[in-house]
>>> print(open('input-v6.txt').read())   # compact mmCIF, C-alpha atoms and all ligand atoms
# COMPACT_ATOMS: atom_id res chain seq x y z
CA THR A 21 43.49 2.90 5.17
CA LYS A 22 43.24 -0.86 5.31
CA LYS A 23 40.69 -2.09 2.81
CA LEU A 24 38.46 -4.88 4.07
CA LEU A 25 37.55 -7.29 1.28
CA MET A 26 33.81 -7.72 1.83
CA ILE A 27 32.77 -8.75 -1.67
CA PRO A 28 31.01 -12.14 -1.85
CA GLY A 29 34.16 -13.90 -3.02
CA PRO A 30 37.07 -13.91 -2.99
CA THR A 31 36.71 -13.47 0.76
CA PRO A 32 39.54 -12.42 3.11
CA VAL A 33 42.39 -14.94 3.18
CA SER A 34 43.77 -15.40 6.70
CA ARG A 35 47.49 -14.96 7.32
CA SER A 36 48.08 -18.65 8.04
CA ILE A 37 46.36 -19.60 4.78
CA GLN A 38 48.39 -17.02 2.84
CA ASP A 39 51.57 -18.51 4.30
CA GLN A 40 50.76 -21.85 2.69
CA MET A 41 50.55 -20.21 -0.71
CA GLY A 42 53.98 -18.66 -0.17
CA ARG A 43 55.71 -21.99 0.49
CA GLU A 44 58.23 -23.40 -1.92
CA THR A 45 56.36 -25.60 -4.39
CA VAL A 46 57.18 -29.32 -4.41
CA ALA A 47 56.47 -32.17 -6.82
CA PHE A 48 52.89 -33.40 -6.68
CA SER A 49 54.33 -36.87 -6.05
CA ASP A 50 56.21 -35.64 -2.96
CA ALA A 51 55.30 -37.97 -0.12
CA ASN A 52 54.42 -35.14 2.29
CA PHE A 53 52.28 -33.41 -0.27
CA VAL A 54 50.44 -36.63 -1.09
CA ASN A 55 49.74 -36.98 2.63
CA ASP A 56 48.43 -33.42 2.79
CA PHE A 57 46.21 -33.95 -0.25
CA ASN A 58 44.83 -37.15 1.25
CA TYR A 59 44.10 -35.32 4.49
CA CYS A 60 42.08 -32.71 2.58
CA LEU A 61 40.06 -35.34 0.74
CA LYS A 62 39.27 -37.26 3.91
CA GLU A 63 38.32 -34.20 5.95
CA LEU A 64 36.23 -32.65 3.18
CA LYS A 65 34.01 -35.71 3.13
CA LYS A 66 33.43 -35.32 6.88
CA ILE A 67 32.58 -31.63 6.58
CA VAL A 68 29.50 -32.35 4.44
CA LYS A 69 28.91 -35.86 5.90
CA SER A 70 29.36 -37.65 2.60
CA ASP A 71 30.51 -41.22 2.12
CA GLY A 72 30.74 -40.84 -1.67
CA GLU A 73 33.56 -39.62 -3.87
CA ILE A 74 35.29 -36.26 -3.72
CA PHE A 75 37.14 -34.28 -6.36
CA VAL A 76 39.49 -31.36 -5.69
CA ILE A 77 40.52 -29.90 -9.02
CA SER A 78 41.99 -26.66 -10.38
CA GLY A 79 39.25 -24.38 -11.61
CA SER A 80 36.47 -22.12 -10.43
CA GLY A 81 32.82 -22.62 -9.52
CA THR A 82 31.67 -22.39 -13.11
CA LEU A 83 33.82 -25.36 -14.06
CA ALA A 84 32.24 -27.27 -11.18
CA MET A 85 28.80 -26.40 -12.57
CA GLU A 86 29.88 -27.81 -15.90
CA MET A 87 31.34 -30.91 -14.24
CA SER A 88 28.11 -31.57 -12.35
CA LEU A 89 26.05 -31.64 -15.54
CA ALA A 90 28.59 -33.29 -17.85
CA ASN A 91 28.92 -36.45 -15.75
CA VAL A 92 25.25 -37.33 -15.37
CA LEU A 93 23.35 -35.88 -18.34
CA ARG A 94 23.43 -36.69 -22.02
CA LYS A 95 22.32 -34.59 -24.93
CA GLY A 96 18.51 -34.72 -25.06
CA ASP A 97 18.05 -35.57 -21.36
CA ASN A 98 15.56 -33.51 -19.36
CA LEU A 99 16.92 -31.18 -16.70
CA LEU A 100 14.89 -29.02 -14.32
CA ILE A 101 16.64 -25.86 -13.13
CA ILE A 102 15.44 -23.96 -10.08
CA SER A 103 16.64 -20.40 -10.46
CA HIS A 104 16.68 -17.76 -7.75
CA GLY A 105 18.82 -15.39 -9.82
CA TYR A 106 21.87 -14.94 -12.01
CA PHE A 107 23.75 -18.09 -10.97
CA GLY A 108 20.68 -20.29 -11.31
CA ASP A 109 20.33 -18.93 -14.82
CA ARG A 110 23.97 -19.78 -15.57
CA PHE A 111 23.01 -23.48 -15.41
CA VAL A 112 20.59 -22.81 -18.26
CA ASP A 113 23.41 -21.52 -20.50
CA ILE A 114 25.72 -24.41 -19.67
CA ALA A 115 23.02 -27.03 -20.19
CA LYS A 116 21.81 -25.53 -23.47
CA ASN A 117 25.36 -25.58 -24.86
CA LYS A 118 25.39 -29.30 -24.20
CA GLY A 119 22.09 -29.91 -25.98
CA ILE A 120 20.35 -30.83 -22.74
CA ASN A 121 16.56 -30.21 -22.64
CA VAL A 122 16.07 -27.49 -20.10
CA ASP A 123 13.02 -26.41 -18.14
CA VAL A 124 13.42 -23.54 -15.70
CA LEU A 125 11.39 -22.53 -12.69
CA SER A 126 12.44 -18.99 -11.79
CA SER A 127 11.37 -16.85 -8.88
CA GLU A 128 11.05 -13.11 -8.83
CA TRP A 129 14.42 -11.80 -7.54
CA GLY A 130 14.40 -11.95 -3.73
CA LYS A 131 11.75 -14.67 -3.61
CA THR A 132 11.89 -18.48 -3.88
CA VAL A 133 10.23 -21.10 -6.08
CA PRO A 134 7.59 -22.95 -3.99
CA ILE A 135 8.32 -26.65 -3.38
CA ASP A 136 4.83 -27.69 -4.47
CA LEU A 137 5.46 -26.13 -7.86
CA ILE A 138 8.73 -28.08 -8.15
CA ARG A 139 6.93 -31.32 -7.25
CA GLU A 140 4.13 -30.72 -9.76
CA THR A 141 6.62 -29.89 -12.52
CA LEU A 142 8.65 -33.04 -11.86
CA LYS A 143 5.52 -35.14 -12.35
CA LYS A 144 5.08 -33.86 -15.89
CA LYS A 145 8.03 -35.59 -17.60
CA PRO A 146 10.87 -37.95 -16.80
CA TYR A 147 13.62 -35.64 -15.56
CA ARG A 148 17.10 -37.03 -15.18
CA ALA A 149 18.35 -34.29 -12.87
CA ILE A 150 17.45 -31.10 -11.01
CA THR A 151 19.76 -28.22 -10.05
CA VAL A 152 19.28 -25.92 -7.08
CA THR A 153 21.57 -23.04 -6.14
CA HIS A 154 21.86 -23.13 -2.35
CA VAL A 155 22.61 -19.40 -2.07
CA ASP A 156 22.21 -17.37 -5.22
CA THR A 157 24.84 -14.67 -4.87
CA SER A 158 22.90 -12.27 -7.07
CA THR A 159 19.87 -12.15 -4.77
CA GLY A 160 21.07 -13.39 -1.37
CA VAL A 161 18.25 -15.93 -1.43
CA LYS A 162 18.85 -19.23 0.33
CA ALA A 163 16.97 -22.23 -1.05
CA ASP A 164 15.48 -24.74 1.37
CA ILE A 165 17.72 -27.55 0.10
CA LYS A 166 16.73 -29.94 2.87
CA SER A 167 12.99 -29.79 2.17
CA ILE A 168 13.65 -30.11 -1.56
CA GLY A 169 15.84 -33.17 -0.86
CA ASP A 170 13.07 -34.71 1.25
CA MET A 171 10.50 -34.07 -1.48
CA LEU A 172 12.83 -35.62 -4.06
CA LYS A 173 12.55 -38.99 -2.28
CA GLU A 174 9.27 -39.28 -4.23
CA PHE A 175 11.39 -39.26 -7.43
CA PRO A 176 14.12 -41.86 -6.90
CA GLU A 177 15.38 -41.63 -10.50
CA ILE A 178 16.34 -37.97 -10.30
CA ILE A 179 19.87 -36.74 -9.57
CA TYR A 180 19.82 -33.83 -7.12
CA ILE A 181 22.60 -31.32 -7.89
CA VAL A 182 23.26 -28.50 -5.42
CA ASP A 183 25.44 -25.48 -6.23
CA GLY A 184 27.06 -24.69 -2.88
CA VAL A 185 29.53 -22.13 -4.21
CA CYS A 186 28.22 -19.32 -1.99
CA ALA A 187 27.20 -21.62 0.86
CA THR A 188 29.40 -24.66 1.61
CA ALA A 189 31.23 -24.32 4.95
CA GLY A 190 29.04 -21.32 5.83
CA GLU A 191 25.48 -22.65 5.53
CA GLU A 192 24.25 -25.98 6.89
CA GLU A 193 24.79 -28.55 4.19
CA TYR A 194 24.87 -32.29 4.84
CA MET A 195 24.85 -34.40 1.73
CA ASP A 196 23.48 -37.70 2.93
CA ASP A 197 20.95 -36.24 5.40
CA MET A 198 19.64 -33.86 2.73
CA ASN A 199 19.50 -36.50 -0.01
CA ILE A 200 21.93 -34.54 -2.24
CA HIS A 201 23.70 -36.52 -4.96
CA ILE A 202 26.15 -33.91 -6.27
CA LEU A 203 27.37 -30.90 -4.32
CA PHE A 204 30.12 -28.49 -5.25
CA THR A 205 31.83 -25.31 -4.20
CA ALA A 206 34.91 -23.23 -4.98
CA SER A 207 37.86 -22.29 -2.78
CA GLN A 208 37.33 -18.50 -2.68
CA LYS A 209 34.05 -18.34 -0.76
CA ALA A 210 33.33 -19.70 2.73
CA PHE A 211 36.58 -21.71 2.82
CA GLY A 212 38.47 -18.43 2.67
CA VAL A 213 41.15 -19.69 0.27
CA ALA A 214 42.30 -17.74 -2.80
CA PRO A 215 40.40 -18.52 -6.03
CA GLY A 216 41.57 -21.48 -8.10
CA LEU A 217 40.13 -24.74 -6.74
CA LEU A 218 36.80 -26.43 -7.16
CA ILE A 219 35.57 -29.06 -4.73
CA LEU A 220 32.88 -31.49 -5.86
CA TRP A 221 31.25 -34.34 -3.95
CA ALA A 222 29.39 -37.08 -5.82
CA ASN A 223 27.59 -39.95 -4.14
CA GLU A 224 27.04 -43.49 -5.38
CA LYS A 225 23.90 -42.62 -7.31
CA ALA A 226 25.76 -39.90 -9.25
CA LEU A 227 28.59 -42.33 -10.02
CA ARG A 228 26.12 -44.89 -11.33
CA ALA A 229 24.63 -42.19 -13.55
CA ARG A 230 28.16 -41.44 -14.82
CA GLU A 231 28.66 -45.12 -15.66
CA SER A 232 25.34 -45.33 -17.47
CA ILE A 233 26.16 -42.59 -19.98
CA GLY A 234 29.41 -44.01 -21.41
CA THR A 235 31.96 -41.73 -23.07
CA ILE A 236 31.37 -38.02 -22.59
CA GLY A 237 32.57 -35.06 -24.65
CA GLU A 238 34.32 -33.36 -21.72
CA TYR A 239 37.83 -34.55 -20.84
CA PHE A 240 39.13 -32.36 -17.99
CA VAL A 241 36.01 -32.71 -15.85
CA ASP A 242 35.29 -36.38 -16.49
CA PHE A 243 34.85 -38.22 -13.15
CA ASN A 244 36.53 -41.26 -14.69
CA ASN A 245 39.76 -39.39 -15.40
CA TRP A 246 40.00 -38.07 -11.84
CA LEU A 247 38.82 -41.00 -9.73
CA PRO A 248 42.19 -42.82 -9.80
CA ILE A 249 43.93 -39.59 -8.69
CA MET A 250 41.46 -38.90 -5.90
CA HIS A 251 42.04 -42.45 -4.64
CA GLU A 252 45.81 -42.11 -4.94
CA PRO A 253 47.00 -38.50 -5.34
CA SER A 254 50.59 -39.47 -6.24
CA LYS A 255 49.28 -40.54 -9.65
CA TYR A 256 49.10 -38.10 -12.55
CA PHE A 257 46.20 -36.97 -14.70
CA ALA A 258 46.62 -33.17 -14.74
CA THR A 259 48.91 -31.15 -12.47
CA PRO A 260 47.26 -30.29 -9.16
CA SER A 261 47.54 -26.77 -7.68
CA VAL A 262 50.04 -27.78 -5.02
CA ASN A 263 50.11 -24.51 -3.05
CA LEU A 264 46.34 -24.02 -3.17
CA ILE A 265 45.85 -27.52 -1.81
CA TRP A 266 48.13 -26.62 1.09
CA ALA A 267 46.09 -23.47 1.57
CA LEU A 268 42.92 -25.56 1.55
CA LYS A 269 44.46 -27.88 4.14
CA GLU A 270 45.05 -24.92 6.46
CA SER A 271 41.50 -23.70 5.84
CA ILE A 272 40.19 -27.15 6.79
CA ARG A 273 42.33 -27.07 9.92
CA LEU A 274 40.74 -23.74 10.87
CA ILE A 275 37.25 -25.14 10.17
CA ASN A 276 37.91 -28.18 12.33
CA GLU A 277 39.36 -26.03 15.09
CA GLU A 278 36.18 -23.93 15.11
CA GLY A 279 33.88 -26.93 14.57
CA ILE A 280 31.60 -26.97 11.54
CA GLU A 281 28.42 -26.60 13.64
CA ASN A 282 29.90 -23.60 15.46
CA ARG A 283 30.92 -22.18 12.10
CA PHE A 284 27.34 -22.40 10.85
CA LYS A 285 26.11 -20.74 14.06
CA ARG A 286 28.68 -17.95 13.73
CA HIS A 287 27.58 -17.27 10.16
CA GLU A 288 23.97 -17.14 11.28
CA LEU A 289 24.70 -14.80 14.19
CA PHE A 290 26.81 -12.50 12.02
CA ALA A 291 24.22 -12.41 9.22
CA ARG A 292 21.26 -11.60 11.48
CA ALA A 293 23.24 -8.92 13.33
CA TYR A 294 24.49 -7.43 10.10
CA GLN A 295 21.15 -7.43 8.33
CA LYS A 296 19.44 -5.89 11.36
CA ALA A 297 22.04 -3.12 11.57
CA LEU A 298 21.75 -2.38 7.83
CA GLU A 299 17.96 -2.15 8.07
CA GLU A 300 18.31 0.24 11.00
CA LEU A 301 20.56 2.39 8.82
CA GLY A 302 17.77 2.69 6.24
CA PHE A 303 18.76 -0.03 3.78
CA ARG A 304 16.49 -2.87 2.74
CA ILE A 305 17.50 -6.52 2.34
CA LEU A 306 16.39 -7.93 -1.02
CA ALA A 307 15.76 -11.53 0.06
CA GLU A 308 12.45 -12.23 1.74
CA GLU A 309 12.56 -13.01 5.43
CA GLY A 310 13.00 -16.71 6.18
CA TYR A 311 15.08 -17.19 3.02
CA ARG A 312 17.96 -14.84 3.74
CA ALA A 313 21.46 -16.19 3.29
CA ASN A 314 23.95 -16.22 6.14
CA THR A 315 26.89 -15.80 3.80
CA LEU A 316 26.08 -12.48 2.15
CA SER A 317 23.52 -9.67 2.06
CA ASN A 318 22.06 -8.01 -0.99
CA VAL A 319 21.27 -4.52 0.16
CA LEU A 320 18.93 -1.97 -1.48
CA TYR A 321 19.85 1.69 -1.10
CA PRO A 322 17.71 4.23 0.75
CA GLU A 323 16.40 7.25 -1.16
CA GLY A 324 19.12 9.68 -2.24
CA VAL A 325 22.09 7.31 -2.23
CA GLU A 326 23.75 6.84 -5.60
CA ASP A 327 25.31 3.42 -6.18
CA GLU A 328 28.62 4.20 -7.86
CA LEU A 329 29.42 7.09 -5.54
CA PHE A 330 28.41 5.07 -2.49
CA ARG A 331 30.65 2.16 -3.37
CA THR A 332 33.68 4.32 -4.21
CA SER A 333 33.21 6.39 -1.03
CA LEU A 334 32.86 3.22 1.00
CA ALA A 335 36.09 1.92 -0.50
CA THR A 336 37.78 5.15 0.63
CA GLU A 337 36.36 4.49 4.09
CA GLY A 338 38.01 1.08 4.03
CA VAL A 339 35.49 -1.47 2.77
CA GLN A 340 35.20 -3.01 -0.67
CA VAL A 341 31.73 -4.28 -1.62
CA ALA A 342 30.30 -5.60 -4.90
CA ALA A 343 27.78 -4.04 -7.26
CA GLY A 344 24.27 -5.38 -7.82
CA LEU A 345 23.65 -7.68 -10.77
CA GLY A 346 20.89 -7.88 -13.37
CA THR A 347 17.77 -5.84 -12.73
CA PHE A 348 19.21 -4.58 -9.45
CA LYS A 349 22.35 -3.08 -10.95
CA GLY A 350 22.57 0.48 -9.60
CA LYS A 351 19.91 -0.11 -6.93
CA MET A 352 21.78 -2.37 -4.59
CA PHE A 353 25.17 -3.44 -3.33
CA ARG A 354 26.28 -6.91 -2.26
CA ILE A 355 28.33 -7.52 0.85
CA GLY A 356 29.86 -10.84 1.84
CA HIS A 357 30.08 -11.93 5.47
CA MET A 358 31.37 -15.46 5.10
CA GLY A 359 34.47 -17.48 5.75
CA ASN A 360 37.24 -16.41 8.06
CA ILE A 361 35.96 -13.05 9.22
CA ASP A 362 35.45 -11.96 12.80
CA LYS A 363 33.62 -9.46 14.99
CA HIS A 364 36.23 -6.78 14.27
CA ASP A 365 35.45 -7.02 10.56
CA LEU A 366 31.71 -6.66 11.18
CA ILE A 367 32.10 -3.69 13.50
CA SER A 368 34.53 -1.81 11.31
CA SER A 369 32.56 -2.40 8.14
CA ILE A 370 29.31 -1.13 9.72
CA ALA A 371 31.22 1.89 11.03
CA SER A 372 32.58 2.53 7.51
CA ILE A 373 29.07 2.30 6.06
CA GLU A 374 27.86 4.85 8.64
CA ARG A 375 30.66 7.28 7.74
CA THR A 376 29.83 6.85 4.06
CA LEU A 377 26.13 7.57 4.65
CA TYR A 378 27.19 10.71 6.52
CA LYS A 379 28.76 11.95 3.29
CA PHE A 380 25.30 11.61 1.74
CA ASN A 381 23.90 13.79 4.58
CA ILE A 382 22.37 10.79 6.31
CA ASP A 383 23.52 11.04 9.91
CA LYS A 384 23.11 7.62 11.47
CA LEU A 385 26.49 7.57 13.17
CA SER A 386 26.73 4.74 15.74
CA ILE A 387 23.13 3.65 15.15
CA GLY A 388 24.06 0.48 13.27
CA LEU A 389 26.95 -0.09 15.66
CA ASN A 390 24.59 0.04 18.60
CA ILE A 391 22.47 -2.70 17.02
CA ILE A 392 25.35 -4.92 16.01
CA GLN A 393 27.06 -4.62 19.40
CA ARG A 394 23.85 -5.68 21.16
CA GLU A 395 23.35 -8.62 18.81
CA LEU A 396 26.93 -9.78 19.28
CA VAL A 397 26.70 -9.93 23.08
CA LYS A 398 23.37 -11.80 23.14
N1 LIG B 401 27.53 -20.29 -8.34
C1 LIG B 401 27.40 -19.35 -7.41
C2 LIG B 401 26.27 -19.46 -6.44
C3 LIG B 401 28.30 -18.30 -7.35
O1 LIG B 401 28.19 -17.35 -6.43
C4 LIG B 401 29.36 -18.23 -8.28
C5 LIG B 401 30.39 -17.12 -8.25
N2 LIG B 401 30.08 -15.97 -7.63
C6 LIG B 401 29.46 -19.24 -9.23
C7 LIG B 401 28.53 -20.25 -9.23
C8 LIG B 401 30.54 -19.23 -10.25
O2 LIG B 401 31.77 -19.42 -9.62
P1 LIG B 401 33.13 -18.86 -10.23
O3 LIG B 401 33.01 -17.39 -10.32
O4 LIG B 401 34.15 -19.31 -9.22
O5 LIG B 401 33.30 -19.51 -11.55
>>> encode(input="input-v6.txt", output="structure tokens")
Amino acid sequence: TKKLLMIPGPTPVSRSIQDQMGRETVAFSDANFVNDFNYCLKELKKIVKSDGEIFVISGSGTLAMEMSLANVLRKGDNLLIISHGYFGDRFVDIAKNKGINVDVLSSEWGKTVPIDLIRETLKKKPYRAITVTHVDTSTGVKADIKSIGDMLKEFPEIIYIVDGVCATAGEEEYMDDMNIHILFTASQKAFGVAPGLLILWANEKALRARESIGTIGEYFVDFNNWLPIMHEPSKYFATPSVNLIWALKESIRLINEEGIENRFKRHELFARAYQKALEELGFRILAEEGYRANTLSNVLYPEGVEDELFRTSLATEGVQVAAGLGTFKGKMFRIGHMGNIDKHDLISSIASIERTLYKFNIDKLSIGLNIIQRELVK
């Protein structure tokens, strides 16, 4: 059986993207490669409507998290972290290691931190920055990053950092319109490229913050070391991932062919259809309505379905999903529906879930399919 990769990252890598990774590697100073790299940098700014700087660097999302803090905060600075789950909490660990003063506003898993509470907290001390995880992959909760950005206009000193790892290129995200100062993602999520690249956008305000803090302890993620390369990719600071950058270029070509707005709409349509079908099959979606991500679903089991057995049986039926994290380990599975997937993937994964439930004596054959088919033709 074919095994559909439906974990929330890495997501399925399309054939044409895979082909780029199989090409013969060239020197990073190769004129054609430099052209390709430049194309990526230019197009990536358009995708999130940013007129600031962009960095495409080897590494994963966690390194991007580190980069976002390291370039604007000093030891002893105040940072407010909005946490909707495991990946929000990861910022706390990174910041504490750097000696940054951390305050955290956490929601119950599945819920969100109210904006009024964020505003009131920001009034209490001079914060230098705030982090928000657009989609927390552990809960499937989507933060209202636009409303938070609007509210932050009342605090012009604060740097607004958005973790878009499980969102960018799948959820609506426009840097300038949303008043975001640093945004980042990684290649293996909604871009549908293999893991290994981080992409980080920083606007003028973030760059000024970088200038104001002088020398920093981090070397590899220092904006100042990478800016000359991002302006002229034939120069050397650290070896770029040549083949992954080609893969990213093909992913960008696919995004542009679809149109970013259409891509957002497709993710929304797929997510609503999927979540509705899963609910009809007796599962519950962890995230509260109105704050559900379009990129993945965090799905609570019905009575009588054991986690480990469900996931291994589902894999036998052709779909690989991820386990729940934290307090929901054993009570939930996580399924990605982002990036370069299509209607076939949705249909066959719902069908596989129905066959797996059947093994647990829950006969809902074709019930989810009926829902998803109707949603897809609307
Ligand atoms: N932030 C979010 C929202 C994530 O989903 C992840 C990874 N699942 C990360 C950060 C960390 O990224 P990585 O695993 O690529 O280091």
>>> axis_aligned_box(input="input-v6.txt", around="range 129-132 of chain A", padding_each_side="8 Å", output="AutoDock Vina command-line options")
--center_x 13.1 --center_y -15.1 --center_z -5.6 --size_x 18.7 --size_y 22.7 --size_z 19.9
>>> atom_distance(input="input-v6.txt", atom1="CA of Arg139 in chain A", atom2="CA of Asp183 in chain A")
19.4 Å
>>> residues_near_ligand(input="input-v6.txt", ligand="ligand LIG 401 (chain B)", cutoff="10 Å", atoms="all atoms listed in the file", output="compact mmCIF listing (two decimals) with C-alpha atoms, in the coordinates of the input")
# COMPACT_ATOMS: atom_id res chain seq x y z
CA ILE A 27 32.77 -8.75 -1.67
CA PRO A 28 31.01 -12.14 -1.85
CA GLY A 29 34.16 -13.90 -3.02
CA PRO A 30 37.07 -13.91 -2.99
CA GLY A 79 39.25 -24.38 -11.61
CA SER A 80 36.47 -22.12 -10.43
CA GLY A 81 32.82 -22.62 -9.52
CA THR A 82 31.67 -22.39 -13.11
CA LEU A 83 33.82 -25.36 -14.06
CA ALA A 84 32.24 -27.27 -11.18
CA MET A 85 28.80 -26.40 -12.57
CA GLU A 86 29.88 -27.81 -15.90
CA HIS A 104 16.68 -17.76 -7.75
CA GLY A 105 18.82 -15.39 -9.82
CA TYR A 106 21.87 -14.94 -12.01
CA PHE A 107 23.75 -18.09 -10.97
CA GLY A 108 20.68 -20.29 -11.31
CA ASP A 109 20.33 -18.93 -14.82
CA ARG A 110 23.97 -19.78 -15.57
CA PHE A 111 23.01 -23.48 -15.41
CA VAL A 152 19.28 -25.92 -7.08
CA THR A 153 21.57 -23.04 -6.14
CA HIS A 154 21.86 -23.13 -2.35
CA VAL A 155 22.61 -19.40 -2.07
CA ASP A 156 22.21 -17.37 -5.22
CA THR A 157 24.84 -14.67 -4.87
CA SER A 158 22.90 -12.27 -7.07
CA THR A 159 19.87 -12.15 -4.77
CA GLY A 160 21.07 -13.39 -1.37
CA VAL A 182 23.26 -28.50 -5.42
CA ASP A 183 25.44 -25.48 -6.23
CA GLY A 184 27.06 -24.69 -2.88
CA VAL A 185 29.53 -22.13 -4.21
CA CYS A 186 28.22 -19.32 -1.99
CA ALA A 187 27.20 -21.62 0.86
CA PHE A 204 30.12 -28.49 -5.25
CA THR A 205 31.83 -25.31 -4.20
CA ALA A 206 34.91 -23.23 -4.98
CA SER A 207 37.86 -22.29 -2.78
CA GLN A 208 37.33 -18.50 -2.68
CA LYS A 209 34.05 -18.34 -0.76
CA PRO A 215 40.40 -18.52 -6.03
CA GLY A 216 41.57 -21.48 -8.10
CA LEU A 217 40.13 -24.74 -6.74
CA LEU A 218 36.80 -26.43 -7.16
>>> atom_distance(input="input-v6.txt", atom1="CA of Leu89 in chain A", atom2="CA of Lys173 in chain A")
20.3 Å
>>> atom_distance(input="input-v6.txt", atom1="CA of Glu374 in chain A", atom2="CA of Gly388 in chain A")
7.4 Å
>>> closest_residue(input="input-v6.txt", among="A:Ala291, A:Ile373, A:Ile391, A:Ala214", to="Arg331 in chain A", atoms="all atoms listed in the file")
A:Ile373
>>> closest_residue(input="input-v6.txt", among="A:Thr336, A:Gln38, A:Asn121, A:Ser271", to="Thr21 in chain A", atoms="all atoms listed in the file")
A:Thr336
>>> residues_around(input="input-v6.txt", residues="Tyr321 in chain A", least_positions_apart="5", cutoff="8 Å", atoms="only C-alpha atoms", output="list in words")
Gly302, Phe303, Arg304, Glu326, Asp327, Lys351, Met352 and Phe353 of chain A
>>> closest_atom_pairs(input="input-v6.txt", of="range 138-241 of chain A", to="range 358-366 of chain A", cutoff="7 Å", atoms="all atoms listed in the file", output="tab-separated table")
residue	atom	partner	partner_atom	distance
A:Gly190	CA	A:Met358	CA	6.3
A:Lys209	CA	A:Gly359	CA	6.6
A:Ala210	CA	A:Gly359	CA	3.9
A:Phe211	CA	A:Gly359	CA	5.6
A:Gly212	CA	A:Gly359	CA	5.1
>>> residues_around(input="input-v6.txt", residues="range 122-129 of chain A", least_positions_apart="6", cutoff="10 Å", atoms="only C-alpha atoms", output="number ranges by chain")
A: 96-106, 108-109, 111-113, 115-116, 137-138, 141, 147, 150-151, 156, 158-161, 306-308, 346-348
>>> closest_residue(input="input-v6.txt", among="A:Asn276, A:Met171, A:Tyr239, A:Ser372", to="Ala258 in chain A", atoms="all atoms listed in the file")
A:Tyr239
>>> residues_around(input="input-v6.txt", residues="Phe175 in chain A", least_positions_apart="4", cutoff="12 Å", atoms="only C-alpha atoms", output="number ranges by chain")
A: 138-150, 168-171, 179-180, 199
>>> residues_near_point(input="input-v6.txt", point="(36.3, -35.4, -19.2)", cutoff="12 Å", atoms="all atoms listed in the file", output="PDB file with C-alpha atoms, in the coordinates of the input")
ATOM      1  CA  LEU A  83      33.820 -25.360 -14.060  1.00  0.00           C
ATOM      2  CA  GLU A  86      29.880 -27.810 -15.900  1.00  0.00           C
ATOM      3  CA  MET A  87      31.340 -30.910 -14.240  1.00  0.00           C
ATOM      4  CA  SER A  88      28.110 -31.570 -12.350  1.00  0.00           C
ATOM      5  CA  LEU A  89      26.050 -31.640 -15.540  1.00  0.00           C
ATOM      6  CA  ALA A  90      28.590 -33.290 -17.850  1.00  0.00           C
ATOM      7  CA  ASN A  91      28.920 -36.450 -15.750  1.00  0.00           C
ATOM      8  CA  VAL A  92      25.250 -37.330 -15.370  1.00  0.00           C
ATOM      9  CA  ARG A 230      28.160 -41.440 -14.820  1.00  0.00           C
ATOM     10  CA  GLY A 234      29.410 -44.010 -21.410  1.00  0.00           C
ATOM     11  CA  THR A 235      31.960 -41.730 -23.070  1.00  0.00           C
ATOM     12  CA  ILE A 236      31.370 -38.020 -22.590  1.00  0.00           C
ATOM     13  CA  GLY A 237      32.570 -35.060 -24.650  1.00  0.00           C
ATOM     14  CA  GLU A 238      34.320 -33.360 -21.720  1.00  0.00           C
ATOM     15  CA  TYR A 239      37.830 -34.550 -20.840  1.00  0.00           C
ATOM     16  CA  PHE A 240      39.130 -32.360 -17.990  1.00  0.00           C
ATOM     17  CA  VAL A 241      36.010 -32.710 -15.850  1.00  0.00           C
ATOM     18  CA  ASP A 242      35.290 -36.380 -16.490  1.00  0.00           C
ATOM     19  CA  PHE A 243      34.850 -38.220 -13.150  1.00  0.00           C
ATOM     20  CA  ASN A 244      36.530 -41.260 -14.690  1.00  0.00           C
ATOM     21  CA  ASN A 245      39.760 -39.390 -15.400  1.00  0.00           C
ATOM     22  CA  TRP A 246      40.000 -38.070 -11.840  1.00  0.00           C
ATOM     23  CA  LEU A 247      38.820 -41.000  -9.730  1.00  0.00           C
ATOM     24  CA  PHE A 257      46.200 -36.970 -14.700  1.00  0.00           C
ATOM     25  CA  ALA A 258      46.620 -33.170 -14.740  1.00  0.00           C
TER      26      ALA A 258
END
>>> residues_near_point(input="input-v6.txt", point="(25.7, -42.7, -3.7)", cutoff="9 Å", atoms="all atoms listed in the file", output="PDB file with C-alpha atoms, keeping the file's coordinate frame")
ATOM      1  CA  SER A  70      29.360 -37.650   2.600  1.00  0.00           C
ATOM      2  CA  ASP A  71      30.510 -41.220   2.120  1.00  0.00           C
ATOM      3  CA  GLY A  72      30.740 -40.840  -1.670  1.00  0.00           C
ATOM      4  CA  GLU A  73      33.560 -39.620  -3.870  1.00  0.00           C
ATOM      5  CA  ASP A 196      23.480 -37.700   2.930  1.00  0.00           C
ATOM      6  CA  HIS A 201      23.700 -36.520  -4.960  1.00  0.00           C
ATOM      7  CA  ALA A 222      29.390 -37.080  -5.820  1.00  0.00           C
ATOM      8  CA  ASN A 223      27.590 -39.950  -4.140  1.00  0.00           C
ATOM      9  CA  GLU A 224      27.040 -43.490  -5.380  1.00  0.00           C
ATOM     10  CA  LYS A 225      23.900 -42.620  -7.310  1.00  0.00           C
ATOM     11  CA  ALA A 226      25.760 -39.900  -9.250  1.00  0.00           C
ATOM     12  CA  LEU A 227      28.590 -42.330 -10.020  1.00  0.00           C
ATOM     13  CA  ARG A 228      26.120 -44.890 -11.330  1.00  0.00           C
TER      14      ARG A 228
END
